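Have a look at the structure below, then the notes.
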Amino acid sequence: MAPSFPRGTAPLPVHLPPRSAAAKERATPGATSLTFPQIAAVVVAAGRGIRVGGDTPKQYRRVGGQAVLTRTLAALAAHPGITRIQVVIAADAAAFYDECLGDLAPEARVKLARPTEGGATRQASVRAGLEALGGGREPDLVLVHDAARPFVDAGLIDRAIAAAQSHGAAVPGVPVSDTIKVVEPDGRVRETPKREDLRAVQTPQAFRFALLREAHGRAAAEGLDGFTDDGALAEWAGLPVAVFPGDPRNRKITQAADLVEADRAFSPDSGAQDDTMTLLTRLGTGFDVHAFTEGDHVWLGGVRIPADRGVLAHSDGDVVLHALTDAILGALADGDIGVHFPPSDPRWRGASSDRFLADAVRRVAERGGVIDHLDITVLAEAPRIGAHREAIRARIAAIAGVPLSAVSIKATTTEKLGFVGRAEGLAAQAAATVRLPAEAPHDR
């Protein structure tokens, strides 16, 4: 059964389905669970890694004094949301694996289940990991991660969890910088896709456990075993797959040169790790206002709220999402919503503001940045948002690809002063805390 999706059509990196007529007639309750789900991780470490050279598989090669797999497991185990880690290893790799455990802190080892043996393909290995996890209490969510991606961090894991809660199936993607060609077997170019439509997909890929296990079971039953990532398998199974912002620093070790670079990055005396990983915190603010007009609802934070009036606007008039978009653009020093989506452009007439916020989120990802926190204050005499607060938070978290805990929304009046006090309109102000790589350009 496919997961339900919230409203709105958004460009990459956050894929949301078109806003249906039915969605326009009701408030979106918010797809993100407000409980604490059980989250497990499957770490695929059964490959041979022959492209790096040598007799030792790449996941067991040492970078900065520790095995690649050790660093990957330490990063996952350090995340408080992950309660269980299932590692999938090759049949003859037990000694390599035990050596990795020797370098792992005791508090990390307690999250590790007994390793299970992988199959002949990546898909078979993931399926083995899922079957091992399903032997006890099934997790609600599962993250599937490559053993050879030791640079995964808490922010990316947060985004993966939030996306899985909201969408059911989600993969991290980063914009591509090279022009991509689709080539015929004889070497002729068949197609050149638009670069802005493409994303390079990473791990961890995140899913509702039951959905991914069922998809793997169906593929195995039909004799299909060649999917190279779980997002593609989920697409084959008919699941809508969302793309959330990945991290350019989340590199996969594939070639010998990647090992050299990772060794430099993890060596404390080289200074390379600091140069690579340093992020500078930046704060942006935004403000938006719309006058009331005839109507029966307003959109706030992507949620349709019944009201005795609507708002006068070129798009859907969502002051919360407009203010948030400007706040993120401000943190990037990248203009404002009017620059990127001018009201003179007929394409944005009546448009869902989801796409405006998603575009700002995409710009953060393109610069290798991370959204840490979004804070909004609604200024209005009416409508009251108390009953809709959690739905709004969940909707914003889904669009922005951040955990629910990173979104705050408040409401206040102006004590009958000004246009808000006279109930002539409503407004919102927002602040966005964003971290950007130190070397990222500040103006474009």
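Identifiers in this document derive from the order of the structure tokens: chains are assigned A, B, ..., residues are numbered from 1 separately in each chain, and ligands are numbered from 1 in order of occurrence.
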Can I get the residues of range 189-283 of chain A within 7 Å of range 113-136 of chain A, each with the closest pair of atoms and their distance in Å to one decimal, using only C-alpha atoms, sorted chain first then ascending number, as a Markdown table?
```
| residue | atom | partner | partner_atom | distance |
| --- | --- | --- | --- | --- |
| A:Arg213 | CA | A:Leu130 | CA | 6.4 |
| A:His216 | CA | A:Arg127 | CA | 6.3 |
| A:Asp225 | CA | A:Gln123 | CA | 6.1 |
| A:Gly226 | CA | A:Gln123 | CA | 6.8 |
| A:Phe227 | CA | A:Gln123 | CA | 6.1 |
| A:Thr228 | CA | A:Arg122 | CA | 6.5 |
```
Using N, CA and C atoms, can you write the selected residues to a file as a PDB file, in the first residue's frame?
```pdb
ATOM      1  N   ARG A 213      10.180  -3.692   3.016  1.00  0.00           N
ATOM      2  CA  ARG A 213      10.258  -5.156   3.075  1.00  0.00           C
ATOM      3  C   ARG A 213       9.311  -5.788   2.066  1.00  0.00           C
ATOM      4  N   HIS A 216      10.788  -5.418  -1.446  1.00  0.00           N
ATOM      5  CA  HIS A 216      11.870  -6.383  -1.671  1.00  0.00           C
ATOM      6  C   HIS A 216      11.312  -7.787  -1.880  1.00  0.00           C
ATOM      7  N   ASP A 225      16.684  -8.970  -9.368  1.00  0.00           N
ATOM      8  CA  ASP A 225      17.718  -8.818  -8.347  1.00  0.00           C
ATOM      9  C   ASP A 225      18.820  -7.862  -8.788  1.00  0.00           C
ATOM     10  N   GLY A 226      18.485  -6.914  -9.674  1.00  0.00           N
ATOM     11  CA  GLY A 226      19.520  -6.042 -10.203  1.00  0.00           C
ATOM     12  C   GLY A 226      19.391  -4.584  -9.831  1.00  0.00           C
ATOM     13  N   PHE A 227      18.519  -4.251  -8.883  1.00  0.00           N
ATOM     14  CA  PHE A 227      18.378  -2.852  -8.484  1.00  0.00           C
ATOM     15  C   PHE A 227      19.615  -2.420  -7.699  1.00  0.00           C
ATOM     16  N   THR A 228      20.171  -1.281  -8.073  1.00  0.00           N
ATOM     17  CA  THR A 228      21.406  -0.820  -7.430  1.00  0.00           C
ATOM     18  C   THR A 228      21.159   0.097  -6.248  1.00  0.00           C
TER      19      THR A 228
END
```
Give the strand (DSSP E) residues of range 184-432 of chain A, as assigned by DSSP on the backbone, as a PyMOL selection string. chain A and resi 189-191+199-201+205-208+242-245+279-293+297-300+303-306+310-311+370-379+407-412+425-432
Nearest candidate to His290 in chain A (options A:Leu239, A:Leu211, A:Ala331, A:Val319; using only C-alpha atoms):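 Checking each candidate against His290 in chain A, we get A:Val319 as the closest.
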Work out how far CA of Gln66 in chain A is from CA of Cys100 in chain A, in Å to one decimal.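 The value is 7.8 Å.
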So that I can check the surroundings of range 148-154 of chain A, please list as an mmCIF file with N, CA and C atoms, in the first residue's frame every protein, DNA and RNA residue that reaches within 8 Å of it, counting only C-alpha atoms and ignoring chain neighbours fewer than 5 positions away.
```cif
data_model
loop_
_atom_site.group_PDB
_atom_site.id
_atom_site.type_symbol
_atom_site.label_atom_id
_atom_site.label_comp_id
_atom_site.auth_asym_id
_atom_site.auth_seq_id
_atom_site.Cartn_x
_atom_site.Cartn_y
_atom_site.Cartn_z
ATOM 1 N N ALA A 45 27.524 -3.875 3.910
ATOM 2 C CA ALA A 45 28.988 -3.994 3.960
ATOM 3 C C ALA A 45 29.455 -5.327 3.387
ATOM 4 N N LYS A 58 37.154 -2.281 0.647
ATOM 5 C CA LYS A 58 37.299 -0.864 0.982
ATOM 6 C C LYS A 58 36.675 -0.504 2.327
ATOM 7 N N GLN A 59 35.583 -1.184 2.714
ATOM 8 C CA GLN A 59 34.925 -0.819 3.971
ATOM 9 C C GLN A 59 35.759 -1.171 5.197
ATOM 10 N N VAL A 68 36.953 2.246 7.592
ATOM 11 C CA VAL A 68 35.830 3.013 7.035
ATOM 12 C C VAL A 68 34.526 2.576 7.689
ATOM 13 N N LEU A 69 34.315 1.265 7.817
ATOM 14 C CA LEU A 69 33.075 0.761 8.420
ATOM 15 C C LEU A 69 32.944 1.207 9.868
ATOM 16 N N ARG A 71 33.996 3.943 11.225
ATOM 17 C CA ARG A 71 33.578 5.352 11.235
ATOM 18 C C ARG A 71 32.112 5.492 10.814
ATOM 19 N N THR A 72 31.678 4.691 9.861
ATOM 20 C CA THR A 72 30.282 4.736 9.439
ATOM 21 C C THR A 72 29.360 4.299 10.570
ATOM 22 N N LEU A 73 29.707 3.201 11.226
ATOM 23 C CA LEU A 73 28.878 2.706 12.326
ATOM 24 C C LEU A 73 28.866 3.687 13.491
ATOM 25 N N ALA A 75 29.113 6.917 13.356
ATOM 26 C CA ALA A 75 28.263 8.057 13.015
ATOM 27 C C ALA A 75 26.790 7.711 13.158
ATOM 28 N N LEU A 76 26.395 6.527 12.713
ATOM 29 C CA LEU A 76 24.992 6.116 12.833
ATOM 30 C C LEU A 76 24.615 5.874 14.290
ATOM 31 N N HIS A 79 23.632 8.795 16.610
ATOM 32 C CA HIS A 79 22.347 9.483 16.455
ATOM 33 C C HIS A 79 21.345 8.906 17.451
ATOM 34 N N THR A 203 23.084 7.781 0.105
ATOM 35 C CA THR A 203 22.452 7.134 1.248
ATOM 36 C C THR A 203 22.816 7.965 2.482
ATOM 37 N N ARG A 249 29.181 16.670 1.062
ATOM 38 C CA ARG A 249 30.324 16.118 1.806
ATOM 39 C C ARG A 249 30.165 14.631 2.107
ATOM 40 N N ASN A 250 28.953 14.103 1.875
ATOM 41 C CA ASN A 250 28.662 12.696 2.172
ATOM 42 C C ASN A 250 29.180 11.813 1.033
ATOM 43 N N ARG A 251 30.494 11.812 0.878
ATOM 44 C CA ARG A 251 31.111 11.140 -0.260
ATOM 45 C C ARG A 251 31.160 9.624 -0.051
ATOM 46 N N LYS A 252 31.056 8.904 -1.153
ATOM 47 C CA LYS A 252 31.217 7.449 -1.114
ATOM 48 C C LYS A 252 32.632 7.093 -1.539
ATOM 49 N N ILE A 253 33.254 6.219 -0.777
ATOM 50 C CA ILE A 253 34.603 5.776 -1.114
ATOM 51 C C ILE A 253 34.499 4.664 -2.152
ATOM 52 N N THR A 254 34.987 4.947 -3.341
ATOM 53 C CA THR A 254 34.882 4.010 -4.461
ATOM 54 C C THR A 254 36.239 3.683 -5.063
#
```
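Excluding Pro204 in chain A itself and same-chain residues fewer than 6 positions from it, the residues having an atom within 6 Å of it are A:Leu143, A:Val144, A:His145, counting only C-alpha atoms.
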For those residues, write C-alpha atoms to a file as a compact mmCIF listing (two decimals), in the first residue's frame.
```
# COMPACT_ATOMS: atom_id res chain seq x y z
CA LEU A 143 17.55 3.65 6.94
CA VAL A 144 19.63 1.81 4.34
CA HIS A 145 23.20 3.10 4.23
```
Show me, as a count of residues only, the residues that have an atom within 9 Å of range 370-378 of chain A when counting only C-alpha atoms, minus same-chain residues fewer than 4 positions from it. 41
Separation of CA of Asp230 in chain A from CA of Ala242 in chain A, in Å and rounded to one decimal: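 Between these atoms lies a distance of 12.3 Å.
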If you measure from CA of Ala169 in chain A to CA of Gln205 in chain A, what distance in Å do you get, rounded to one decimal?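 CA of Gln205 in chain A lies at a distance of 7.9 Å from CA of Ala169 in chain A.
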Leaving out Leu112 in chain A and any residue of its chain fewer than 3 positions from it, which residues lie within 7 Å of it when counting only C-alpha atoms, given as a short mmCIF file (atom, residue, chain, number, x, y, z; two decimals) with C-alpha atoms, in the first residue's frame?
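Saved the output as out-v6.cif:
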```cif
data_model
loop_
_atom_site.label_atom_id
_atom_site.label_comp_id
_atom_site.auth_asym_id
_atom_site.auth_seq_id
_atom_site.Cartn_x
_atom_site.Cartn_y
_atom_site.Cartn_z
CA ARG A 84 19.26 -0.75 16.20
CA ILE A 85 21.88 -1.26 13.48
CA GLN A 86 21.94 -4.36 11.31
CA ARG A 109 28.37 -1.43 20.06
#
```
Given only C-alpha atoms as the counted atoms, nearest of A:Gly187, A:Gly310, A:Pro437, A:Gly301 to Ala423 in chain A: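 So, comparing all the options, the nearest one is A:Gly310.
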Taking only C-alpha atoms into account, name the residue in A:Ala78, A:Ala46, A:Leu312, A:Ala170 that is nearest to Val142 in chain A.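 Of all the options, A:Ala170 lies closest to Val142 in chain A.
For the set A:Pro248, A:Gln255, A:Val201, A:Ala291, the residue with the smallest atom-to-atom gap to Arg422 in chain A is A:Ala291, counting only C-alpha atoms.
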